[in-house]
Amino acid sequence: MAQFGFENDIHSILKLDMPITNAPMARWQRKASSSNASALNGLSPGKSANVSLSTSKTPSKTPGKNKKQTPSKMGGDRFIPTRNTKQMDVASFLLSKENEAVDTNDLNADNQKAMSMSLNGYNIEDAKILHLGGKPLNAPEGFQNNLKVLYSQSATPASAKKTRYISSTPDRILDAPELRNDFYLNLLDWSSRNVLAVALHNCVYLLDASQGEITLLMKLEREEDYICSLSWTKEGSYLAIGTSDCKTQLWDVYNQKRLRSMASHTARVVSLSWNDHVLSSGSRSGHIHHHDVRVADHHISTLSGHSQEVCGLQWSPDGRYLASGGNDNMVYVWPRVQDGGANQPVHCWSEHQGAVKALAWCPWQPNILASGGGTSDRHIRIWNVNSGSCISSLDTQSQISSLVFAPNYKELVSAHGYAHNNVVIWKYPSLTRVAELSGHEDRVLSLILSPDFSTVATVAGDETIRLWKSFEVDPIKKKAKDRLANSTSSVIHQSIR
């Protein structure tokens, strides 16, 4: 019994039903007492205790919470002004205008481009010193450092530039027996109807490049005479032939008939060039004659400037200027033929140190002329006819016998004699070497471009003619270009109707 009495005493002591007298006040008791005290203190003597119940608004704050709220965001105590995007754009524009030079001429973009093309030969906006192109690669999946991918040294597919294949072997090789190995003669020309004319001693042969047929057009009567120069008309129906007996003949190719023989020079005729119905001829005497082939009295003008043989003669594509090069190392630029006008050159350049036979006008920039010097010079020089200045010059380390511009890829092609006896393709206007065509065993005397600008023909002292397909256009680009040309022509026909 004593044991049971002891257990009952222990249980009665451990019961918590009764409050502990010495314990601190509970939290809910402290809150209740503080709220009652504030409510009693907030009432004035003249007001009843239920005044706060007369308002319909809910209290904005919970009673009893008088502490200041902690800022919800980091840096919320800082003052950040409102930045309007329009104000920022205006500010940027005003800052840029302060550092910008005032344009007094107020030229538009078209006038600036035209002036740049006229003075420099190219648009200055396109002459970038550094050009960054292509999108950067994305980092591989799971790769953390994007900058390492962006600035890696390995070439990315976007920066890898596709280059075309240029065969180092000719597409065709033709024999040219009895070809006269004379640097000053111009024995090869290609018509707009795809017929190649070549002079072999005192005969002229025609090669139909489409069909592969070879035809003998003419032969001089005297065995000691020889052909010195050839030149097709723009339409490709008539061929002018300069001979060693001081005459210039005009032939109807398709009827194989000589139309006329024009005699005006006192020495062999080594260079010819057409400008519509006017045929210009250069002679060993240093004189250039203009012939109007429509009239009986064909000799209409004489240009006197060269002191030695005129071995290079080229009219510009727009017919405004005639360029002439001679064995006197001079390059002249003459204006178009005018009735009763003064026959004075527009420009006279003496920078070459060797005979200038190679002349070529740029088809996409009519004011640009390229000239090449002989063994003593070996330089290609690019001239701006409008300003009269030499834009660039390049030492080829070899005699230059012929030049031609290839518009398909904006390139310049040069034929060389001693010492390389090859053909070189240069990128224009940088004049960086693109490719070299070797195979001739003697000096290359002349080269000419096909009417579709895809093939170049060369004739050399090794008595061979070689055809090089070096400028074929990508079929996809060619189709797009043809489609654009057809659409343009259809629009023109519609406007005419």
# chains A, B, ... in the order shown; residues from 1 in each chain; ligands from 1
$ residues_around --residues "Val459 in chain A" --least-positions-apart "4" --cutoff "7 Å" --atoms "only C-alpha atoms" --output "ChimeraX atom specification"
/A:444-447,464-466
$ residues_around --residues "range 351-363 of chain A" --least-positions-apart "4" --cutoff "7 Å" --atoms "only C-alpha atoms" --output "JSON, numbers by chain"
{"A": [184, 311, 312, 314, 316, 317, 325, 326, 327, 328, 329, 330, 368, 369, 370, 371, 372, 373, 374, 375, 376, 377, 400, 401, 402, 403, 404, 405]}
$ closest_residue --among "A:Asp110, A:Val270, A:Gln344, A:Arg320" --to "Ser304 in chain A" --atoms "only C-alpha atoms"
A:Gln344
$ residues_around --residues "Leu250 in chain A" --least-positions-apart "5" --cutoff "10 Å" --atoms "only C-alpha atoms" --output "mmCIF file with all heavy atoms, in the first residue's frame"
data_model
loop_
_atom_site.group_PDB
_atom_site.id
_atom_site.type_symbol
_atom_site.label_atom_id
_atom_site.label_comp_id
_atom_site.auth_asym_id
_atom_site.auth_seq_id
_atom_site.Cartn_x
_atom_site.Cartn_y
_atom_site.Cartn_z
ATOM 1 N N SER A 231 41.339 41.165 -136.682
ATOM 2 C CA SER A 231 40.375 41.773 -135.771
ATOM 3 C C SER A 231 38.953 41.571 -136.299
ATOM 4 O O SER A 231 38.647 41.931 -137.442
ATOM 5 C CB SER A 231 40.645 43.275 -135.604
ATOM 6 O OG SER A 231 39.733 43.842 -134.693
ATOM 7 N N TRP A 232 38.099 40.959 -135.452
ATOM 8 C CA TRP A 232 36.685 40.746 -135.796
ATOM 9 C C TRP A 232 35.867 42.002 -135.503
ATOM 10 O O TRP A 232 36.178 42.759 -134.581
ATOM 11 C CB TRP A 232 36.097 39.598 -134.990
ATOM 12 C CG TRP A 232 36.551 38.217 -135.372
ATOM 13 C CD1 TRP A 232 37.534 37.485 -134.785
ATOM 14 C CD2 TRP A 232 36.012 37.394 -136.414
ATOM 15 N NE1 TRP A 232 37.646 36.263 -135.395
ATOM 16 C CE2 TRP A 232 36.728 36.173 -136.400
ATOM 17 C CE3 TRP A 232 35.011 37.570 -137.366
ATOM 18 C CZ2 TRP A 232 36.463 35.142 -137.288
ATOM 19 C CZ3 TRP A 232 34.741 36.538 -138.251
ATOM 20 C CH2 TRP A 232 35.460 35.335 -138.213
ATOM 21 N N TYR A 238 32.359 40.050 -140.057
ATOM 22 C CA TYR A 238 33.439 40.543 -140.913
ATOM 23 C C TYR A 238 34.767 40.491 -140.155
ATOM 24 O O TYR A 238 34.810 40.693 -138.929
ATOM 25 C CB TYR A 238 33.148 41.969 -141.383
ATOM 26 C CG TYR A 238 31.819 42.104 -142.091
ATOM 27 C CD1 TYR A 238 30.701 42.601 -141.428
ATOM 28 C CD2 TYR A 238 31.688 41.723 -143.429
ATOM 29 C CE1 TYR A 238 29.482 42.715 -142.073
ATOM 30 C CE2 TYR A 238 30.476 41.839 -144.083
ATOM 31 C CZ TYR A 238 29.374 42.321 -143.406
ATOM 32 O OH TYR A 238 28.155 42.423 -144.052
ATOM 33 N N LEU A 239 35.820 40.244 -140.908
ATOM 34 C CA LEU A 239 37.160 40.120 -140.342
ATOM 35 C C LEU A 239 38.103 41.073 -141.072
ATOM 36 O O LEU A 239 38.178 41.073 -142.301
ATOM 37 C CB LEU A 239 37.667 38.683 -140.481
ATOM 38 C CG LEU A 239 39.072 38.397 -139.943
ATOM 39 C CD1 LEU A 239 39.108 38.559 -138.423
ATOM 40 C CD2 LEU A 239 39.513 36.983 -140.342
ATOM 41 N N ALA A 240 38.810 41.893 -140.281
ATOM 42 C CA ALA A 240 39.831 42.795 -140.836
ATOM 43 C C ALA A 240 41.195 42.126 -140.724
ATOM 44 O O ALA A 240 41.517 41.517 -139.695
ATOM 45 C CB ALA A 240 39.831 44.123 -140.085
ATOM 46 N N ILE A 241 41.978 42.243 -141.786
ATOM 47 C CA ILE A 241 43.279 41.572 -141.874
ATOM 48 C C ILE A 241 44.330 42.594 -142.276
ATOM 49 O O ILE A 241 44.206 43.258 -143.321
ATOM 50 C CB ILE A 241 43.246 40.415 -142.898
ATOM 51 C CG1 ILE A 241 42.159 39.405 -142.529
ATOM 52 C CG2 ILE A 241 44.607 39.735 -142.987
ATOM 53 C CD1 ILE A 241 41.944 38.332 -143.577
ATOM 54 N N GLY A 242 45.374 42.742 -141.431
ATOM 55 C CA GLY A 242 46.503 43.612 -141.753
ATOM 56 C C GLY A 242 47.659 42.792 -142.292
ATOM 57 O O GLY A 242 47.965 41.711 -141.774
ATOM 58 N N LYS A 257 34.344 36.083 -149.002
ATOM 59 C CA LYS A 257 34.545 37.056 -150.073
ATOM 60 C C LYS A 257 35.263 38.284 -149.522
ATOM 61 O O LYS A 257 34.900 38.795 -148.457
ATOM 62 C CB LYS A 257 33.186 37.461 -150.663
ATOM 63 C CG LYS A 257 33.276 38.477 -151.777
ATOM 64 C CD LYS A 257 31.869 38.846 -152.258
ATOM 65 C CE LYS A 257 31.910 39.891 -153.352
ATOM 66 N NZ LYS A 257 30.539 40.274 -153.817
ATOM 67 N N ARG A 258 36.269 38.755 -150.236
ATOM 68 C CA ARG A 258 36.952 39.981 -149.846
ATOM 69 C C ARG A 258 36.133 41.177 -150.313
ATOM 70 O O ARG A 258 35.854 41.338 -151.502
ATOM 71 C CB ARG A 258 38.358 40.037 -150.449
ATOM 72 C CG ARG A 258 39.196 41.192 -149.903
ATOM 73 C CD ARG A 258 40.587 41.213 -150.493
ATOM 74 N NE ARG A 258 40.563 41.628 -151.900
ATOM 75 C CZ ARG A 258 41.646 41.761 -152.656
ATOM 76 N NH1 ARG A 258 42.848 41.467 -152.148
ATOM 77 N NH2 ARG A 258 41.551 42.130 -153.905
ATOM 78 N N LEU A 259 35.773 42.041 -149.361
ATOM 79 C CA LEU A 259 34.941 43.190 -149.682
ATOM 80 C C LEU A 259 35.767 44.356 -150.210
ATOM 81 O O LEU A 259 35.352 45.032 -151.165
ATOM 82 C CB LEU A 259 34.146 43.629 -148.448
ATOM 83 C CG LEU A 259 33.201 42.564 -147.855
ATOM 84 C CD1 LEU A 259 32.499 43.114 -146.615
ATOM 85 C CD2 LEU A 259 32.182 42.120 -148.895
ATOM 86 N N ARG A 260 36.920 44.629 -149.586
ATOM 87 C CA ARG A 260 37.758 45.727 -150.050
ATOM 88 C C ARG A 260 39.159 45.579 -149.473
ATOM 89 O O ARG A 260 39.389 44.873 -148.487
ATOM 90 C CB ARG A 260 37.159 47.077 -149.664
ATOM 91 C CG ARG A 260 37.063 47.324 -148.179
ATOM 92 C CD ARG A 260 36.317 48.622 -147.878
ATOM 93 N NE ARG A 260 36.890 49.758 -148.615
ATOM 94 C CZ ARG A 260 36.377 50.981 -148.583
ATOM 95 N NH1 ARG A 260 35.285 51.226 -147.865
ATOM 96 N NH2 ARG A 260 36.928 51.961 -149.249
ATOM 97 N N SER A 261 40.102 46.265 -150.121
ATOM 98 C CA SER A 261 41.485 46.325 -149.667
ATOM 99 C C SER A 261 41.864 47.793 -149.556
ATOM 100 O O SER A 261 41.821 48.526 -150.559
ATOM 101 C CB SER A 261 42.415 45.594 -150.644
ATOM 102 O OG SER A 261 43.755 45.697 -150.224
ATOM 103 N N MET A 262 42.221 48.216 -148.359
ATOM 104 C CA MET A 262 42.475 49.632 -148.084
ATOM 105 C C MET A 262 43.969 49.858 -147.914
ATOM 106 O O MET A 262 44.611 49.214 -147.064
ATOM 107 C CB MET A 262 41.724 50.066 -146.818
ATOM 108 C CG MET A 262 40.211 49.911 -146.955
ATOM 109 S SD MET A 262 39.301 50.283 -145.427
ATOM 110 C CE MET A 262 39.753 48.863 -144.426
ATOM 111 N N LEU A 279 37.412 51.509 -138.380
ATOM 112 C CA LEU A 279 38.502 50.570 -138.149
ATOM 113 C C LEU A 279 39.798 51.360 -137.975
ATOM 114 O O LEU A 279 40.190 52.140 -138.850
ATOM 115 C CB LEU A 279 38.639 49.599 -139.328
ATOM 116 C CG LEU A 279 39.834 48.642 -139.287
ATOM 117 C CD1 LEU A 279 39.737 47.703 -138.082
ATOM 118 C CD2 LEU A 279 39.942 47.855 -140.590
ATOM 119 N N VAL A 293 34.756 52.326 -143.058
ATOM 120 C CA VAL A 293 34.616 51.267 -144.063
ATOM 121 C C VAL A 293 33.342 51.422 -144.893
ATOM 122 O O VAL A 293 33.152 50.693 -145.869
ATOM 123 C CB VAL A 293 34.639 49.886 -143.383
ATOM 124 C CG1 VAL A 293 35.966 49.659 -142.685
ATOM 125 C CG2 VAL A 293 33.487 49.741 -142.392
#
$ closest_residue --among "A:Asp175, A:Asp318, A:Glu472, A:Glu441" --to "Thr455 in chain A" --atoms "only C-alpha atoms"
A:Glu472
$ residues_around --residues "Tyr332 in chain A" --least-positions-apart "6" --cutoff "10 Å" --atoms "only C-alpha atoms" --output "list in words"
Gly305, His306, Leu313, Tyr321, Leu322, Ala323, Ser324, Gly325, Gly326, Gln344, Pro345, Val346, His347, Cys348, Trp349 and Ser350 of chain A
$ write_last_selection --atoms "N, CA and C atoms" --output "mmCIF file, in the first residue's frame"
data_model
loop_
_atom_site.group_PDB
_atom_site.id
_atom_site.type_symbol
_atom_site.label_atom_id
_atom_site.label_comp_id
_atom_site.auth_asym_id
_atom_site.auth_seq_id
_atom_site.Cartn_x
_atom_site.Cartn_y
_atom_site.Cartn_z
ATOM 1 N N GLY A 305 51.925 60.153 -132.863
ATOM 2 C CA GLY A 305 52.434 60.310 -131.506
ATOM 3 C C GLY A 305 53.599 59.371 -131.246
ATOM 4 N N HIS A 306 53.451 58.148 -131.713
ATOM 5 C CA HIS A 306 54.510 57.156 -131.519
ATOM 6 C C HIS A 306 55.657 57.387 -132.494
ATOM 7 N N LEU A 313 46.785 48.136 -129.834
ATOM 8 C CA LEU A 313 45.704 49.059 -130.195
ATOM 9 C C LEU A 313 44.386 48.484 -129.678
ATOM 10 N N TYR A 321 37.454 56.090 -125.885
ATOM 11 C CA TYR A 321 38.899 56.264 -125.968
ATOM 12 C C TYR A 321 39.541 55.136 -126.769
ATOM 13 N N LEU A 322 40.662 55.466 -127.394
ATOM 14 C CA LEU A 322 41.506 54.490 -128.081
ATOM 15 C C LEU A 322 42.858 54.481 -127.389
ATOM 16 N N ALA A 323 43.267 53.291 -126.916
ATOM 17 C CA ALA A 323 44.572 53.139 -126.278
ATOM 18 C C ALA A 323 45.551 52.552 -127.279
ATOM 19 N N SER A 324 46.760 53.092 -127.307
ATOM 20 C CA SER A 324 47.786 52.599 -128.221
ATOM 21 C C SER A 324 49.095 52.427 -127.460
ATOM 22 N N GLY A 325 49.791 51.332 -127.767
ATOM 23 C CA GLY A 325 51.099 51.070 -127.183
ATOM 24 C C GLY A 325 52.108 50.816 -128.287
ATOM 25 N N GLY A 326 53.352 51.221 -128.074
ATOM 26 C CA GLY A 326 54.340 51.120 -129.134
ATOM 27 C C GLY A 326 55.675 50.590 -128.661
ATOM 28 N N GLN A 344 44.697 65.199 -130.785
ATOM 29 C CA GLN A 344 45.667 65.264 -129.710
ATOM 30 C C GLN A 344 45.328 64.220 -128.645
ATOM 31 N N PRO A 345 46.350 63.574 -128.065
ATOM 32 C CA PRO A 345 46.064 62.530 -127.071
ATOM 33 C C PRO A 345 45.529 63.122 -125.773
ATOM 34 N N VAL A 346 44.700 62.336 -125.110
ATOM 35 C CA VAL A 346 44.189 62.737 -123.797
ATOM 36 C C VAL A 346 45.260 62.508 -122.731
ATOM 37 N N HIS A 347 45.958 61.382 -122.832
ATOM 38 C CA HIS A 347 47.025 61.060 -121.890
ATOM 39 C C HIS A 347 48.214 60.490 -122.661
ATOM 40 N N CYS A 348 49.390 60.686 -122.079
ATOM 41 C CA CYS A 348 50.628 60.125 -122.632
ATOM 42 C C CYS A 348 51.475 59.658 -121.453
ATOM 43 N N TRP A 349 51.668 58.343 -121.342
ATOM 44 C CA TRP A 349 52.365 57.762 -120.201
ATOM 45 C C TRP A 349 53.676 57.126 -120.664
ATOM 46 N N SER A 350 54.733 57.413 -119.936
ATOM 47 C CA SER A 350 56.070 56.922 -120.300
ATOM 48 C C SER A 350 56.705 56.089 -119.189
#
$ closest_residue --among "A:Ser118, A:Asn194, A:Gln397, A:Ser283" --to "Ser454 in chain A" --atoms "only C-alpha atoms"
A:Asn194
$ atom_distance --atom1 "CA of Arg381 in chain A" --atom2 "CA of Leu394 in chain A"
6.6 Å
$ closest_residue --among "A:Thr432, A:Thr396, A:Ser192, A:Ser271" --to "Leu449 in chain A" --atoms "only C-alpha atoms"
A:Ser192
$ closest_residue --among "A:Trp383, A:Trp315, A:Tyr205, A:Trp190" --to "Gln256 in chain A" --atoms "only C-alpha atoms"
A:Tyr205
$ residues_around --residues "Ser168 in chain A" --least-positions-apart "2" --cutoff "10 Å" --atoms "only C-alpha atoms" --output "PDB file with N, CA, C and O atoms, in the first residue's frame"
ATOM      1  N   TYR A 165      38.021  25.098-108.928  1.00  0.00           N
ATOM      2  CA  TYR A 165      39.118  24.285-109.449  1.00  0.00           C
ATOM      3  C   TYR A 165      39.525  24.826-110.814  1.00  0.00           C
ATOM      4  O   TYR A 165      38.687  25.015-111.701  1.00  0.00           O
ATOM      5  N   ILE A 166      40.822  25.081-110.990  1.00  0.00           N
ATOM      6  CA  ILE A 166      41.377  25.548-112.255  1.00  0.00           C
ATOM      7  C   ILE A 166      42.350  24.491-112.744  1.00  0.00           C
ATOM      8  O   ILE A 166      43.383  24.234-112.104  1.00  0.00           O
ATOM      9  N   PRO A 170      45.584  22.121-120.601  1.00  0.00           N
ATOM     10  CA  PRO A 170      44.626  22.702-121.557  1.00  0.00           C
ATOM     11  C   PRO A 170      43.525  21.722-121.934  1.00  0.00           C
ATOM     12  O   PRO A 170      43.714  20.502-121.909  1.00  0.00           O
ATOM     13  N   ASP A 171      42.375  22.276-122.282  1.00  0.00           N
ATOM     14  CA  ASP A 171      41.255  21.452-122.720  1.00  0.00           C
ATOM     15  C   ASP A 171      41.497  20.889-124.123  1.00  0.00           C
ATOM     16  O   ASP A 171      41.119  19.752-124.424  1.00  0.00           O
ATOM     17  N   ALA A 435      46.288  31.621-110.304  1.00  0.00           N
ATOM     18  CA  ALA A 435      46.720  30.352-110.891  1.00  0.00           C
ATOM     19  C   ALA A 435      47.744  30.635-111.971  1.00  0.00           C
ATOM     20  O   ALA A 435      47.866  31.758-112.486  1.00  0.00           O
ATOM     21  N   GLU A 436      48.478  29.581-112.336  1.00  0.00           N
ATOM     22  CA  GLU A 436      49.482  29.655-113.392  1.00  0.00           C
ATOM     23  C   GLU A 436      49.262  28.508-114.367  1.00  0.00           C
ATOM     24  O   GLU A 436      49.134  27.349-113.948  1.00  0.00           O
ATOM     25  N   LEU A 437      49.166  28.851-115.653  1.00  0.00           N
ATOM     26  CA  LEU A 437      48.931  27.858-116.702  1.00  0.00           C
ATOM     27  C   LEU A 437      50.221  27.682-117.500  1.00  0.00           C
ATOM     28  O   LEU A 437      50.648  28.590-118.202  1.00  0.00           O
ATOM     29  N   SER A 438      50.823  26.517-117.361  1.00  0.00           N
ATOM     30  CA  SER A 438      52.086  26.228-118.033  1.00  0.00           C
ATOM     31  C   SER A 438      51.901  25.074-119.008  1.00  0.00           C
ATOM     32  O   SER A 438      51.039  24.215-118.811  1.00  0.00           O
ATOM     33  N   GLY A 439      52.728  25.062-120.036  1.00  0.00           N
ATOM     34  CA  GLY A 439      52.654  23.998-121.032  1.00  0.00           C
ATOM     35  C   GLY A 439      53.317  24.371-122.336  1.00  0.00           C
ATOM     36  O   GLY A 439      53.854  23.507-123.036  1.00  0.00           O
ATOM     37  N   TRP A 468      42.169  26.841-122.775  1.00  0.00           N
ATOM     38  CA  TRP A 468      42.124  26.601-121.323  1.00  0.00           C
ATOM     39  C   TRP A 468      40.739  26.995-120.800  1.00  0.00           C
ATOM     40  O   TRP A 468      40.338  28.150-120.899  1.00  0.00           O
ATOM     41  N   LYS A 469      40.021  26.036-120.215  1.00  0.00           N
ATOM     42  CA  LYS A 469      38.716  26.324-119.606  1.00  0.00           C
ATOM     43  C   LYS A 469      38.934  26.667-118.132  1.00  0.00           C
ATOM     44  O   LYS A 469      38.765  25.834-117.250  1.00  0.00           O
ATOM     45  N   SER A 470      39.285  27.903-117.899  1.00  0.00           N
ATOM     46  CA  SER A 470      39.659  28.328-116.546  1.00  0.00           C
ATOM     47  C   SER A 470      38.624  29.212-115.869  1.00  0.00           C
ATOM     48  O   SER A 470      38.781  29.538-114.686  1.00  0.00           O
TER      49      SER A 470
END
$ select_by_dssp --residues "range 321-477 of chain A" --states "strand (DSSP E or B)" --output "number ranges by chain"
A: 321-326, 331-335, 347-349, 356-361, 368-373, 379-384, 389-395, 400-406, 411-416, 423-427, 432-437, 444-449, 456-460, 464-468
$ atom_distance --atom1 "CA of Ser191 in chain A" --atom2 "CA of Asn384 in chain A"
27.6 Å
$ atom_distance --atom1 "CA of Val456 in chain A" --atom2 "CA of Ser389 in chain A"
29.3 Å
$ closest_residue --among "A:Glu7, A:Asp297, A:Glu223, A:Asp276" --to "Glu235 in chain A" --atoms "only C-alpha atoms"
A:Asp276
$ residues_around --residues "Leu220 in chain A" --least-positions-apart "6" --cutoff "12 Å" --atoms "only C-alpha atoms" --output "PyMOL selection string"
chain A and resi 199-204+226-228+241-245+247+249+258
$ write_last_selection --atoms "all heavy atoms" --output "compact mmCIF listing (two decimals), in the first residue's frame"
# COMPACT_ATOMS: atom_id res chain seq x y z
N ALA A 199 46.26 33.38 -137.90
CA ALA A 199 47.06 33.65 -139.10
C ALA A 199 48.32 32.79 -139.07
O ALA A 199 49.08 32.85 -138.09
CB ALA A 199 47.42 35.13 -139.18
N LEU A 200 48.51 31.98 -140.10
CA LEU A 200 49.69 31.13 -140.24
C LEU A 200 50.42 31.57 -141.50
O LEU A 200 49.99 31.27 -142.63
CB LEU A 200 49.29 29.65 -140.32
CG LEU A 200 48.48 29.11 -139.13
CD1 LEU A 200 48.13 27.65 -139.34
CD2 LEU A 200 49.23 29.31 -137.82
N HIS A 201 51.50 32.31 -141.31
CA HIS A 201 52.29 32.86 -142.40
C HIS A 201 51.43 33.75 -143.30
O HIS A 201 51.00 34.83 -142.88
CB HIS A 201 52.98 31.76 -143.19
CG HIS A 201 53.94 32.27 -144.21
ND1 HIS A 201 54.90 33.21 -143.94
CD2 HIS A 201 54.08 31.98 -145.53
CE1 HIS A 201 55.60 33.49 -145.01
NE2 HIS A 201 55.12 32.75 -146.01
N ASN A 202 51.09 33.31 -144.52
CA ASN A 202 50.30 34.14 -145.42
C ASN A 202 48.87 33.63 -145.58
O ASN A 202 48.18 34.01 -146.53
CB ASN A 202 50.97 34.21 -146.80
CG ASN A 202 51.12 32.83 -147.43
OD1 ASN A 202 50.88 31.81 -146.79
ND2 ASN A 202 51.54 32.79 -148.71
N CYS A 203 48.41 32.80 -144.64
CA CYS A 203 47.04 32.24 -144.69
C CYS A 203 46.29 32.59 -143.42
O CYS A 203 46.88 32.78 -142.35
CB CYS A 203 47.08 30.73 -144.88
SG CYS A 203 47.89 30.17 -146.38
N VAL A 204 44.95 32.63 -143.54
CA VAL A 204 44.07 32.83 -142.39
C VAL A 204 43.13 31.65 -142.32
O VAL A 204 42.41 31.33 -143.28
CB VAL A 204 43.27 34.15 -142.50
CG1 VAL A 204 42.28 34.27 -141.35
CG2 VAL A 204 44.22 35.35 -142.50
N TYR A 226 53.13 38.22 -145.60
CA TYR A 226 52.59 37.46 -144.46
C TYR A 226 51.54 38.30 -143.74
O TYR A 226 51.47 39.53 -143.87
CB TYR A 226 53.71 37.05 -143.50
CG TYR A 226 54.56 38.19 -142.98
CD1 TYR A 226 54.23 38.87 -141.81
CD2 TYR A 226 55.72 38.59 -143.67
CE1 TYR A 226 55.01 39.90 -141.35
CE2 TYR A 226 56.51 39.62 -143.21
CZ TYR A 226 56.14 40.27 -142.04
OH TYR A 226 56.92 41.31 -141.58
N ILE A 227 50.72 37.60 -142.95
CA ILE A 227 49.66 38.25 -142.17
C ILE A 227 50.27 38.82 -140.89
O ILE A 227 51.05 38.15 -140.21
CB ILE A 227 48.53 37.26 -141.83
CG1 ILE A 227 48.04 36.55 -143.10
CG2 ILE A 227 47.39 37.98 -141.13
CD1 ILE A 227 47.44 37.47 -144.13
N CYS A 228 49.87 40.05 -140.56
CA CYS A 228 50.42 40.72 -139.38
C CYS A 228 49.41 40.90 -138.25
O CYS A 228 49.80 40.93 -137.07
CB CYS A 228 50.97 42.10 -139.76
SG CYS A 228 52.31 42.06 -140.96
N ILE A 241 41.98 42.24 -141.79
CA ILE A 241 43.28 41.57 -141.87
C ILE A 241 44.33 42.59 -142.28
O ILE A 241 44.21 43.26 -143.32
CB ILE A 241 43.25 40.41 -142.90
CG1 ILE A 241 42.16 39.40 -142.53
CG2 ILE A 241 44.61 39.74 -142.99
CD1 ILE A 241 41.94 38.33 -143.58
N GLY A 242 45.37 42.74 -141.43
CA GLY A 242 46.50 43.61 -141.75
C GLY A 242 47.66 42.79 -142.29
O GLY A 242 47.97 41.71 -141.77
N THR A 243 48.30 43.28 -143.33
CA THR A 243 49.32 42.51 -144.03
C THR A 243 50.66 43.24 -144.02
O THR A 243 50.75 44.43 -143.67
CB THR A 243 48.89 42.25 -145.48
OG1 THR A 243 48.76 43.50 -146.16
CG2 THR A 243 47.56 41.49 -145.51
N SER A 244 51.69 42.49 -144.46
CA SER A 244 53.04 43.06 -144.50
C SER A 244 53.25 43.98 -145.69
O SER A 244 54.26 44.72 -145.71
CB SER A 244 54.07 41.93 -144.54
OG SER A 244 53.89 41.13 -145.70
N ASP A 245 52.33 43.98 -146.65
CA ASP A 245 52.47 44.86 -147.81
C ASP A 245 51.71 46.16 -147.63
O ASP A 245 51.25 46.77 -148.60
CB ASP A 245 52.01 44.14 -149.09
CG ASP A 245 50.57 43.69 -149.02
OD1 ASP A 245 49.97 43.80 -147.91
OD2 ASP A 245 50.03 43.22 -150.03
N LYS A 247 48.77 46.96 -146.41
CA LYS A 247 47.34 47.04 -146.73
C LYS A 247 46.50 46.46 -145.60
O LYS A 247 46.97 45.66 -144.79
CB LYS A 247 47.05 46.28 -148.03
CG LYS A 247 47.71 46.91 -149.26
CD LYS A 247 47.38 46.11 -150.51
CE LYS A 247 48.05 46.72 -151.74
NZ LYS A 247 47.76 45.93 -152.96
N GLN A 249 42.79 44.53 -145.34
CA GLN A 249 41.71 43.90 -146.09
C GLN A 249 40.50 43.66 -145.19
O GLN A 249 40.64 43.43 -143.99
CB GLN A 249 42.18 42.57 -146.69
CG GLN A 249 43.35 42.70 -147.66
CD GLN A 249 43.74 41.37 -148.27
OE1 GLN A 249 43.01 40.37 -148.17
NE2 GLN A 249 44.91 41.32 -148.93
N ARG A 258 36.27 38.76 -150.24
CA ARG A 258 36.95 39.98 -149.85
C ARG A 258 36.13 41.18 -150.31
O ARG A 258 35.85 41.34 -151.50
CB ARG A 258 38.36 40.04 -150.45
CG ARG A 258 39.20 41.19 -149.90
CD ARG A 258 40.59 41.21 -150.49
NE ARG A 258 40.56 41.63 -151.90
CZ ARG A 258 41.65 41.76 -152.66
NH1 ARG A 258 42.85 41.47 -152.15
NH2 ARG A 258 41.55 42.13 -153.90
